[in-house]
Structure formats: C-alpha cells, structure tokens
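**Student:** What follows is a single structure, and I will ask about it in a moment.
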Number of protein chains: 2
Amino acid sequence: LLDLLLHERSFARLAGEFKARAADIRPVLMDDTGSFKTADGEPIEGMPHIDLGYGTQDSYFSPAVMTFMQAILSAEKLHWFQSSAAGIEHPILQAIRNRADRYTSAHEQSPAIAEWVLWAGLDWFQGGAVRRKAQSEKVWHRGEFRELADTHWVIVGFGSIGRACAQRLRMLGAKVTGVRRTAGEDPDADAMLQPEDLLTALPQADSVVMCCPMTAETEGMANAEFFQAMKTDALFVNVGRGLLVDEDELLAGLAEGRPAHAALDVTAVEPLPEESGLWQHPSVTLTAHIAAFTERSARRSDGVFVENLDHFLAGEPLRNLIHKEQES
Amino acid sequence: LLDLLLHERSFARLAGEFKARAADIRPVLMDDTGSFKTADGEPIEGMPHIDLGYGTQDSYFSPAVMTFMQAILSAEKLHWFQSSAAGIEHPILQAIRNRADRYTSAHEQSPAIAEWVLWAGLDWFQGGAVRRKAQSEKVWHRGEFRELADTHWVIVGFGSIGRACAQRLRMLGAKVTGVRRTAGEDPDADAMLQPEDLLTALPQADSVVMCCPMTAETEGMANAEFFQAMKTDALFVNVGRGLLVDEDELLAGLAEGRPAHAALDVTAVEPLPEESGLWQHPSVTLTAHIAAFTERSARRSDGVFVENLDHFLAGEPLRNLIHKEQES
C-alpha cells in the first residue's frame, strides 16, 4: 500500500478513482492550512509518510505550497511524482524531478490558455477598453473594430500551447507564423520560422504571443530590439513565463507605442510587486497566472494522472516522463 | 449613363470599380454634411438626379442620413437600390423597397457580428470585469474561469448571423442549440428547435443569443417569461434588433440574476437615451450597434454591390433580391 500526497481539492475530484484503487494506493491529503489528513479526515501529525505525489494548481497555488513541497522532498523514497504543469522551470520542481524515481508532466492546460489568448486578442482588436469607457460615460460611440480574421499572429514557441492558440486563431481566419527551434513546416501554421529569424517576422505581426519554455536561450528574449521591431498598433501577449520578457523594456516600448498594448498572464516576479508599473498601466491587461485556471483544465490533468497511476501500478511506462538531464 | 448615389466614404473604397464602369455609371457622392458632388468633387446644387443607390453603414450612420434617404426617395425612377444591411425593418428602407424597381440586401455582416459575440462571450465566461477590477486595485486575484468549450449556447435565429456564431462557437468546442421557424436538423448545430419550444431550451443555456429578424412574432420575444426561464449564471446577448427585447423586463431580470449579464449591441431606441438604466448597469455590456462595423465587413458588402452592379448592367437577375411583399 503506497501513500500518495495530493491537495484535498484535487482529491475531491478524484475520490471515486482512489476508492477503486484502495487496495494499492492510500491518499494523503493536504489542505490550505498545511494540515495533513487521511481520506477519512483523520488528522496526520507531523510530516506524513509519502511514496508518490500529485502536484496540481490546487497545491502549487495554495497558501501552504511550501509545506506540500517539503512533504514531497522529505520523502525517504519518492517513486513517482506527477505534475499538472508542463514546465519544470521552477527550482523546486527541478529538485523534485531530481529526487523522484520518475517525474511526469502534463500538457493539458493548452485549451484553457488558448481561450485566454483569444479573450485578450478579441478585447484588443475590438477596442474593449474604448467601448467600456464610452459606456461608462453614456457616449453612443460608433467606433470601427478589426476582425481577428484580418490579423497576422506570430507565435513564439510551437509546443502544445502555441499549437492550441494557432489552431483556434486559424479557425477564426487569422494568419499564423509559428516560431520554434526545429526547422520545417507545420500543418497548424501558415509559416514556420526558427528563433534566429524572429526579428524579421515581428514587423508583420498584429499580435505576438510568447509561449515558449523558459531556458537560458529564451530568458529576456522580448527585449528592446524585439519591441522596436514590432508594429505601432500591435498587441504583445505573454502566457509563457514572466522572465521571457524584460519588463523595463516592455514599459519603455509601451511608452513609444511598440507594442501598443500588452496582455500578460505572467510576470517576472509573482505575485507582481505593488510598485510595478504594469499594474495600472492603461496599455496593459494583467491577470494573475490564471490562463489555465479552469475546472476543465484540472479535470484534463487528472485524466493524465489517473492514466499514469494505472501504468505505474501495472509496471508499465509512464506518459510524459521527464528525464533527469533533459531541459523542459 | 445612370446616376448612382452613395456616400463619399463608400466611393473611396470603390473608385477603381467606378472608373472601370464610367461609360455606364456616374457616381453621385454625398458627404457627412449632406452636400452632393460628382466623383471629381464638383458640387451639385439642390437634390441630385438619381437612378440607382447604394446604401451602406457610411450613409445609414452619417449625420446626413436623412438627406441621403430623401435623395433616394425623391428619385423620379429608382431602378435599383443595393443595401449593405440584411434587414429591412426600418420604415425608410421599406419605403425604398416599395419605391425601387429592384431592392437587394446583403448578408456580409455575419463574420464581424460573430466575432463580437465571441468577444462578449469570452469576456463573460473569463470574468473580464472581475479581472479588470483586480488589476485596477493591484490585487493578484487567482480566479477560476470557464472555457467556452464547456458552455451550451442557444441561438435564436439561424440565418447567416446565427450560423456564423454557431460555426465559431462549435469550432471552439461549445454546444449549440439553434432556434428557427423551419423544422429539421442543421449541420451547424447540435440540436435545432422551433420557436414554440424555446422556453424548454432556455434553462439549459449558459448563453442565449438573439439574432432573428424583427417581425410581429419576434417583437418583445425576450420578455419576463423568457428571462425567468434562464439560468442564474447565464449570459444574454442581443445582436439582432433592440425591439426583440423588453428592456424593462431585462432590467428586472438582471436585478434577480436571470440573466446574470447582458451584452447588447442594439437597443429599442438608438442612440440609447441618456436616462436608460442600461448605460451604467454593472451587469450590462453595451455597444452602439457596431457589431458589424469593420473594414472587412464594408468590403464584403462592396463585393455584393459590385457583383449586382454588373448583373444590373448586363440585364441579369440580381443576388439577394427582396420582393415587395416579402417580410425580411
């Protein structure tokens, strides 16, 4: 009988699955106060014994996230850790990857993130802010707007998120240029470029979406030169990682209208410090790293977890295995 | 040589087409002050001689719209009038239809209107207002949102606008129930209903879109009974005609949370009177009858005009002909 740690809200969605596997797996629940308990609600004193772990938005964004991580990292032997996140940029996730016999990721957040990108894109091209101001001032404002079908998007990073964005944008008639390290065409893009050609594509883009992994190569990729290459009426979107963007240069670019607007779900430091100029900037749409934060997103990740749990119990290979040496 | 009246902004898009047909057609331009001139900018004194007319958003929403209509209606013989609008509910358009030898409409506004509906839908299901409030107050608010892919839409009216909405919503994974008078299935809907069954569908809808024509049967269709049948977390959208909705009952419904939110591009009286409670209602998104107001929309309608112009000159049947007796 193996002990598996997960957040109590994740457990609430999965109680039936655990019941069906009660002979093999004993869930250990953590709540938002950092207390541990059994599935029956019996309190567990001190650090619980852990063999396996399932990390989700429920635990990563819990006030007790550090207690969760501590419990995982202090396991004597961590056989397997499943994360609902795609990336392992965070040093603690890297530590877990290095400690766990097996570490698996999930890529089930893309559909939600792609909808967030559509939300941000439509609000920009339709002039949402202008409309809301007119309404609040009782002005019958007949402003023209721009159809998404009439726009060209450059998507930096063509993994599951970039592809999910591209598919939806192209279904709506937009043109998409994808950027990724691997050369060659892609059925979900009108054109594909490699990162070294990015600056030649930016002047054509009505919108640029950052959704590549954070690596030594991509850190600070959206810098002064990047923003200066953008059109003056273009939208800049970041749903990747905050550190892909030089935020000082973004603010300097916005002051000059390149880009005209930024829609950011991620920032270099999260939560964004109160003194940041991004908070109340009239040309910034900011959300709190929630672009994947939907019920369906959680359930899709749960599906990967349950699938891998059964593989694990059957001694079969796991899906989305991340090797210790490999970059995300 | 036939004289064709159109707004100078419409002419600006079509100058090349007129030049190519200069042997047959002489454009007569009206500007926003209600002055008439030739294509060369020569002023025309008094009411101009008119044989043909092309009415677009440029003329319908011009401050000089009544002068445009007067010029059309005072034509001794009006051979053909092309409108960029789908509907002919407006009494003046009906008068033109009855006066013109031939009256043709256009249905090219649907793609733009469908994008407006997506904008309104995404902003509601993603909690745009909550996000903007949090940002303005520097609150790192990690609120969950709902994917469009997880929603069920009831679309009342399944003409070109309803279909354009349905296609995009279903591409994004949403479920669509269409409502129209004609019985039977439709490839662009998961289910189809007739108007008499509408009240049975409303309790399942996460969003209801009004986009049917205004007729004696549909006037005031969205009434107290209609709103009471809606879910408490649902969105109500009107991109049809303002008079489809009983606005007093909508305000009463919003007070009870049925619907939870209304997104309106049209109102019973336009421009909306200053005293209307819709203007600054926290649960209302209001725009000024601009859901079709895009450059592409204008160009698509111009395409229908040019096509019909060539049919007219060749003595061929016109596309989208509306007969005098027929309801729109």
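We label chains A, B, ... in the order they appear in the structure tokens, count residues from 1 in each chain, and number ligands from 1 in the order shown.
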Excluding same-chain residues fewer than 6 positions from Met221 (chain B), what lies within 12 Å of it counting only C-alpha atoms, as an MDAnalysis selection string?

**Tutor:** chainID B and resid 156:157 195:196 198:199 210:215 227 238 240:247 249:250

**Student:** Excluding Leu6 (chain A) and its own-chain neighbours fewer than 4 positions away, which residues fall within 12 Å of it when counting only C-alpha atoms? Please give them as a PyMOL selection string.

**Tutor:** chain A and resi 10-15+18+26-32+34-39+48+50-60+62+65+67-69+71-72+81-84+302+305

**Student:** Find the residues in chain B near chain A: any atom within 7 Å counts, using only C-alpha atoms. Write them as an MDAnalysis selection string.

**Tutor:** chainID B and resid 112 115 119 122:123 131 135:136 138 140:142 144:147 168 172 271 274 279:280 286:288 290 293:294

**Student:** Would you write out those residues with N, CA and C atoms, as a compact mmCIF listing (two decimals), in the first residue's frame?

**Tutor:**
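Here's the written file again19.txt:
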```txt
# COMPACT_ATOMS: atom_id res chain seq x y z
N ALA B 112 -18.27 39.53 -38.86
CA ALA B 112 -17.91 40.53 -37.86
C ALA B 112 -18.80 40.39 -36.62
N GLU B 115 -17.78 37.59 -34.42
CA GLU B 115 -16.60 37.90 -33.60
C GLU B 115 -16.99 38.76 -32.40
N TRP B 119 -16.35 37.88 -28.54
CA TRP B 119 -15.75 38.86 -27.61
C TRP B 119 -16.59 38.97 -26.34
N LEU B 122 -16.52 35.49 -24.38
CA LEU B 122 -15.27 35.22 -23.67
C LEU B 122 -15.12 36.17 -22.48
N ASP B 123 -15.49 37.43 -22.66
CA ASP B 123 -15.32 38.36 -21.55
C ASP B 123 -16.20 37.98 -20.37
N ARG B 131 -11.45 40.62 -13.43
CA ARG B 131 -10.01 40.76 -13.67
C ARG B 131 -9.59 42.22 -13.75
N GLN B 135 -7.04 44.15 -11.28
CA GLN B 135 -5.84 44.84 -11.77
C GLN B 135 -5.83 46.29 -11.31
N SER B 136 -6.97 46.96 -11.41
CA SER B 136 -7.00 48.39 -11.04
C SER B 136 -6.74 48.58 -9.55
N LYS B 138 -4.70 46.53 -7.86
CA LYS B 138 -3.43 45.85 -7.59
C LYS B 138 -3.61 44.59 -6.75
N TRP B 140 -3.66 40.57 -6.80
CA TRP B 140 -3.24 39.37 -7.54
C TRP B 140 -4.32 38.32 -7.34
N HIS B 141 -5.37 38.40 -8.18
CA HIS B 141 -6.59 37.62 -7.97
C HIS B 141 -6.56 36.35 -8.80
N ARG B 142 -6.50 35.20 -8.13
CA ARG B 142 -6.41 33.94 -8.87
C ARG B 142 -7.79 33.30 -9.03
N GLU B 144 -10.80 31.38 -10.93
CA GLU B 144 -11.01 30.38 -11.98
C GLU B 144 -11.93 30.96 -13.03
N PHE B 145 -11.81 30.46 -14.26
CA PHE B 145 -12.78 30.88 -15.28
C PHE B 145 -13.32 29.65 -16.00
N ARG B 146 -14.24 29.91 -16.89
CA ARG B 146 -14.91 28.81 -17.58
C ARG B 146 -14.55 28.82 -19.06
N GLU B 147 -14.18 27.67 -19.59
CA GLU B 147 -13.85 27.59 -21.01
C GLU B 147 -15.13 27.62 -21.84
N ARG B 168 -18.40 29.23 -35.28
CA ARG B 168 -17.22 29.60 -34.48
C ARG B 168 -17.30 29.00 -33.08
N LEU B 172 -14.80 26.06 -31.36
CA LEU B 172 -14.13 26.23 -30.06
C LEU B 172 -14.62 25.20 -29.04
N PRO B 271 -29.73 56.33 -30.91
CA PRO B 271 -28.86 56.06 -29.76
C PRO B 271 -29.67 55.87 -28.48
N GLU B 274 -30.18 58.89 -22.69
CA GLU B 274 -29.29 59.06 -21.55
C GLU B 274 -29.88 58.49 -20.27
N TRP B 279 -27.26 51.90 -19.51
CA TRP B 279 -25.95 52.54 -19.72
C TRP B 279 -24.92 52.13 -18.66
N GLN B 280 -25.26 52.39 -17.41
CA GLN B 280 -24.22 52.20 -16.38
C GLN B 280 -24.53 51.02 -15.47
N LEU B 286 -22.52 47.17 -23.23
CA LEU B 286 -23.32 47.87 -24.24
C LEU B 286 -22.42 48.46 -25.30
N THR B 287 -22.72 48.20 -26.57
CA THR B 287 -22.04 48.90 -27.65
C THR B 287 -23.09 49.50 -28.58
N ALA B 288 -22.64 50.38 -29.46
CA ALA B 288 -23.53 51.28 -30.18
C ALA B 288 -23.88 50.78 -31.57
N ILE B 290 -22.58 48.43 -33.41
CA ILE B 290 -21.36 48.43 -34.21
C ILE B 290 -20.81 47.00 -34.41
N PHE B 293 -19.32 46.55 -37.61
CA PHE B 293 -18.67 47.77 -38.09
C PHE B 293 -17.16 47.55 -38.25
N THR B 294 -16.80 46.83 -39.29
CA THR B 294 -15.38 46.59 -39.57
C THR B 294 -15.09 46.93 -41.03
```

**Student:** Extract the full set of strand (DSSP E) residues from region 102-217 of chain B according to DSSP on the backbone, and format it as an MDAnalysis selection string.

**Tutor:** chainID B and resid 102:104 152:156 175:179 191:193 207:210

**Student:** Can those selected residues be exported to a file as a compact mmCIF listing (two decimals), in the first residue's frame so that it contains all heavy atoms?

**Tutor:**
```
# COMPACT_ATOMS: atom_id res chain seq x y z
N ARG B 102 -36.05 47.39 -58.16
CA ARG B 102 -35.43 46.24 -57.53
C ARG B 102 -34.68 46.67 -56.28
O ARG B 102 -33.99 47.70 -56.30
CB ARG B 102 -34.49 45.53 -58.52
CG ARG B 102 -35.29 44.68 -59.51
CD ARG B 102 -34.40 44.04 -60.53
NE ARG B 102 -34.04 44.99 -61.57
CZ ARG B 102 -33.27 44.66 -62.62
NH1 ARG B 102 -32.78 43.45 -62.73
NH2 ARG B 102 -33.01 45.56 -63.54
N TYR B 103 -34.82 45.89 -55.22
CA TYR B 103 -34.15 46.20 -53.95
C TYR B 103 -33.37 44.94 -53.56
O TYR B 103 -33.94 43.85 -53.49
CB TYR B 103 -35.18 46.54 -52.87
CG TYR B 103 -34.60 46.88 -51.50
CD1 TYR B 103 -34.57 48.20 -51.05
CD2 TYR B 103 -34.09 45.89 -50.66
CE1 TYR B 103 -34.05 48.53 -49.80
CE2 TYR B 103 -33.56 46.20 -49.42
CZ TYR B 103 -33.54 47.51 -48.99
OH TYR B 103 -33.03 47.84 -47.77
N THR B 104 -32.08 45.09 -53.33
CA THR B 104 -31.27 43.92 -52.94
C THR B 104 -30.58 44.20 -51.60
O THR B 104 -30.22 45.33 -51.28
CB THR B 104 -30.21 43.58 -54.01
OG1 THR B 104 -29.48 44.77 -54.33
CG2 THR B 104 -30.85 43.01 -55.26
N HIS B 152 -22.93 25.83 -23.24
CA HIS B 152 -24.04 25.50 -24.14
C HIS B 152 -24.73 26.80 -24.54
O HIS B 152 -25.17 27.56 -23.69
CB HIS B 152 -25.00 24.55 -23.42
CG HIS B 152 -26.18 24.15 -24.24
ND1 HIS B 152 -27.16 23.32 -23.77
CD2 HIS B 152 -26.54 24.44 -25.51
CE1 HIS B 152 -28.08 23.13 -24.71
NE2 HIS B 152 -27.72 23.81 -25.77
N TRP B 153 -24.84 27.01 -25.83
CA TRP B 153 -25.41 28.25 -26.35
C TRP B 153 -26.74 27.95 -27.06
O TRP B 153 -26.83 27.00 -27.84
CB TRP B 153 -24.46 28.91 -27.35
CG TRP B 153 -23.20 29.43 -26.71
CD1 TRP B 153 -22.26 28.71 -26.03
CD2 TRP B 153 -22.77 30.79 -26.68
NE1 TRP B 153 -21.26 29.54 -25.58
CE2 TRP B 153 -21.55 30.83 -25.96
CE3 TRP B 153 -23.29 32.00 -27.18
CZ2 TRP B 153 -20.84 32.01 -25.74
CZ3 TRP B 153 -22.57 33.17 -26.96
CH2 TRP B 153 -21.38 33.18 -26.25
N VAL B 154 -27.72 28.80 -26.78
CA VAL B 154 -28.96 28.76 -27.54
C VAL B 154 -28.97 29.98 -28.44
O VAL B 154 -28.84 31.11 -27.96
CB VAL B 154 -30.19 28.74 -26.61
CG1 VAL B 154 -31.47 28.97 -27.42
CG2 VAL B 154 -30.28 27.39 -25.87
N ILE B 155 -29.09 29.75 -29.74
CA ILE B 155 -29.01 30.83 -30.73
C ILE B 155 -30.37 30.99 -31.38
O ILE B 155 -30.83 30.11 -32.12
CB ILE B 155 -27.91 30.54 -31.76
CG1 ILE B 155 -26.55 30.48 -31.04
CG2 ILE B 155 -27.90 31.62 -32.85
CD1 ILE B 155 -25.37 30.26 -31.93
N VAL B 156 -31.02 32.11 -31.08
CA VAL B 156 -32.39 32.35 -31.53
C VAL B 156 -32.34 33.08 -32.85
O VAL B 156 -32.00 34.27 -32.91
CB VAL B 156 -33.18 33.15 -30.48
CG1 VAL B 156 -34.63 33.32 -30.94
CG2 VAL B 156 -33.11 32.46 -29.11
N LYS B 175 -21.32 23.76 -27.26
CA LYS B 175 -22.51 23.08 -27.77
C LYS B 175 -23.52 24.14 -28.20
O LYS B 175 -23.69 25.15 -27.49
CB LYS B 175 -23.08 22.20 -26.65
CG LYS B 175 -24.25 21.34 -27.06
CD LYS B 175 -24.72 20.47 -25.89
CE LYS B 175 -26.10 19.91 -26.18
NZ LYS B 175 -26.70 19.31 -24.97
N VAL B 176 -24.17 23.92 -29.33
CA VAL B 176 -25.10 24.92 -29.86
C VAL B 176 -26.46 24.31 -30.15
O VAL B 176 -26.56 23.29 -30.82
CB VAL B 176 -24.53 25.56 -31.16
CG1 VAL B 176 -25.60 26.39 -31.87
CG2 VAL B 176 -23.30 26.40 -30.86
N THR B 177 -27.49 24.95 -29.61
CA THR B 177 -28.87 24.66 -30.00
C THR B 177 -29.39 25.85 -30.79
O THR B 177 -29.35 26.98 -30.30
CB THR B 177 -29.76 24.44 -28.76
OG1 THR B 177 -29.27 23.30 -28.04
CG2 THR B 177 -31.21 24.19 -29.17
N GLY B 178 -29.81 25.60 -32.01
CA GLY B 178 -30.34 26.66 -32.84
C GLY B 178 -31.86 26.70 -32.79
O GLY B 178 -32.50 25.67 -32.59
N VAL B 179 -32.41 27.89 -32.95
CA VAL B 179 -33.86 28.06 -32.95
C VAL B 179 -34.27 28.78 -34.23
O VAL B 179 -33.76 29.86 -34.52
CB VAL B 179 -34.33 28.88 -31.72
CG1 VAL B 179 -35.84 29.04 -31.72
CG2 VAL B 179 -33.84 28.25 -30.42
N ALA B 191 -28.35 20.71 -32.00
CA ALA B 191 -29.79 20.46 -31.96
C ALA B 191 -30.49 21.68 -32.53
O ALA B 191 -29.97 22.80 -32.47
CB ALA B 191 -30.26 20.21 -30.53
N MET B 192 -31.66 21.45 -33.11
CA MET B 192 -32.47 22.56 -33.64
C MET B 192 -33.85 22.49 -33.02
O MET B 192 -34.41 21.41 -32.84
CB MET B 192 -32.58 22.47 -35.16
CG MET B 192 -31.30 22.76 -35.93
SD MET B 192 -30.63 24.44 -35.73
CE MET B 192 -31.92 25.46 -36.47
N LEU B 193 -34.39 23.67 -32.69
CA LEU B 193 -35.73 23.76 -32.12
C LEU B 193 -36.54 24.77 -32.91
O LEU B 193 -35.98 25.64 -33.57
CB LEU B 193 -35.66 24.28 -30.68
CG LEU B 193 -34.99 23.42 -29.63
CD1 LEU B 193 -34.99 24.18 -28.31
CD2 LEU B 193 -35.74 22.10 -29.49
N SER B 207 -25.61 30.59 -22.39
CA SER B 207 -25.68 31.86 -23.11
C SER B 207 -26.78 31.77 -24.14
O SER B 207 -26.96 30.73 -24.79
CB SER B 207 -24.33 32.15 -23.78
OG SER B 207 -24.38 33.38 -24.47
N VAL B 208 -27.52 32.85 -24.29
CA VAL B 208 -28.60 32.92 -25.27
C VAL B 208 -28.31 34.11 -26.18
O VAL B 208 -28.07 35.21 -25.68
CB VAL B 208 -29.97 33.11 -24.60
CG1 VAL B 208 -31.08 33.18 -25.64
CG2 VAL B 208 -30.25 31.99 -23.60
N VAL B 209 -28.31 33.87 -27.49
CA VAL B 209 -28.02 34.93 -28.45
C VAL B 209 -29.26 35.22 -29.28
O VAL B 209 -29.81 34.32 -29.92
CB VAL B 209 -26.87 34.54 -29.40
CG1 VAL B 209 -26.58 35.67 -30.38
CG2 VAL B 209 -25.62 34.17 -28.62
N MET B 210 -29.69 36.47 -29.28
CA MET B 210 -30.80 36.88 -30.14
C MET B 210 -30.24 37.40 -31.46
O MET B 210 -29.49 38.39 -31.45
CB MET B 210 -31.61 38.00 -29.47
CG MET B 210 -32.16 37.68 -28.09
SD MET B 210 -33.36 36.33 -28.11
CE MET B 210 -34.73 37.13 -28.97
```

**Student:** Determine which residues of region 70-210 of chain A DSSP labels as alpha helix (DSSP H) from the backbone of this structure, then write them out as a ChimeraX atom specification.

**Tutor:** /A:70-73,91-99,110-125,128-136,160-171,198-201

**Student:** Would you compute the distance between CA of Pro317 (chain A) and CA of Lys19 (chain A)? Give it in Å to one decimal.

**Tutor:** 23.3 Å

**Student:** Leu73 (chain A): which residues within 9 Å, counting only C-alpha atoms, same-chain residues fewer than 3 positions away excluded, as a list in words?

**Tutor:**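 The residues satisfying every condition are Phe68, Met69, Gln70, Glu76, Leu78, Ile92, Ala95, Ile96, Arg99 and Ala100 of chain A.
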
**Student:** Selection from above, N, CA and C atoms, as a CSV table (one decimal), in the first residue's frame, can you write it?

**Tutor:**
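Below is the file that was written, selection29.csv:
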```csv
chain,number,residue,atom,x,y,z
A,68,PHE,N,3.6,21.6,1.2
A,68,PHE,CA,3.4,20.5,0.2
A,68,PHE,C,4.7,20.0,-0.4
A,69,MET,N,5.5,21.0,-0.8
A,69,MET,CA,6.8,20.7,-1.4
A,69,MET,C,7.8,20.1,-0.4
A,70,GLN,N,7.7,20.6,0.8
A,70,GLN,CA,8.6,20.0,1.9
A,70,GLN,C,8.2,18.5,2.1
A,76,GLU,N,11.3,9.6,2.0
A,76,GLU,CA,12.6,8.8,2.0
A,76,GLU,C,12.8,8.3,0.6
A,78,LEU,N,10.9,8.6,-3.2
A,78,LEU,CA,9.7,9.1,-3.9
A,78,LEU,C,9.7,8.4,-5.3
A,92,ILE,N,12.1,24.3,-7.4
A,92,ILE,CA,11.6,23.2,-6.5
A,92,ILE,C,11.1,22.0,-7.3
A,95,ALA,N,14.1,20.2,-8.3
A,95,ALA,CA,14.5,19.4,-7.2
A,95,ALA,C,13.7,18.1,-7.0
A,96,ILE,N,12.4,18.2,-7.2
A,96,ILE,CA,11.6,17.0,-7.2
A,96,ILE,C,11.9,16.1,-8.3
A,99,ARG,N,14.9,14.2,-7.5
A,99,ARG,CA,14.7,13.3,-6.3
A,99,ARG,C,13.8,12.1,-6.7
A,100,ALA,N,12.8,12.3,-7.5
A,100,ALA,CA,11.9,11.2,-7.8
A,100,ALA,C,12.5,10.2,-8.7
```

**Student:** In terms of the shortest atom-to-atom distance over only C-alpha atoms, which of A:Val239, A:Leu251, A:Asp3, A:Ser283 is closest to Val266 (chain A)?

**Tutor:**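 Smallest distance to Val266 (chain A) is found for A:Val239.
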
**Student:** Just the number, please: distance in Å from CA of Gly184 (chain B) to CA of Thr218 (chain B), one decimal.

**Tutor:**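 Rounded to one decimal, the two atoms are 20.0 Å apart.
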
**Student:** Quick one: residues within 7 Å of Leu235 (chain A), only C-alpha atoms counted, chain neighbours fewer than 3 positions away excluded, as a PyMOL selection string?

**Tutor:** chain A and resi 206-208+259-262
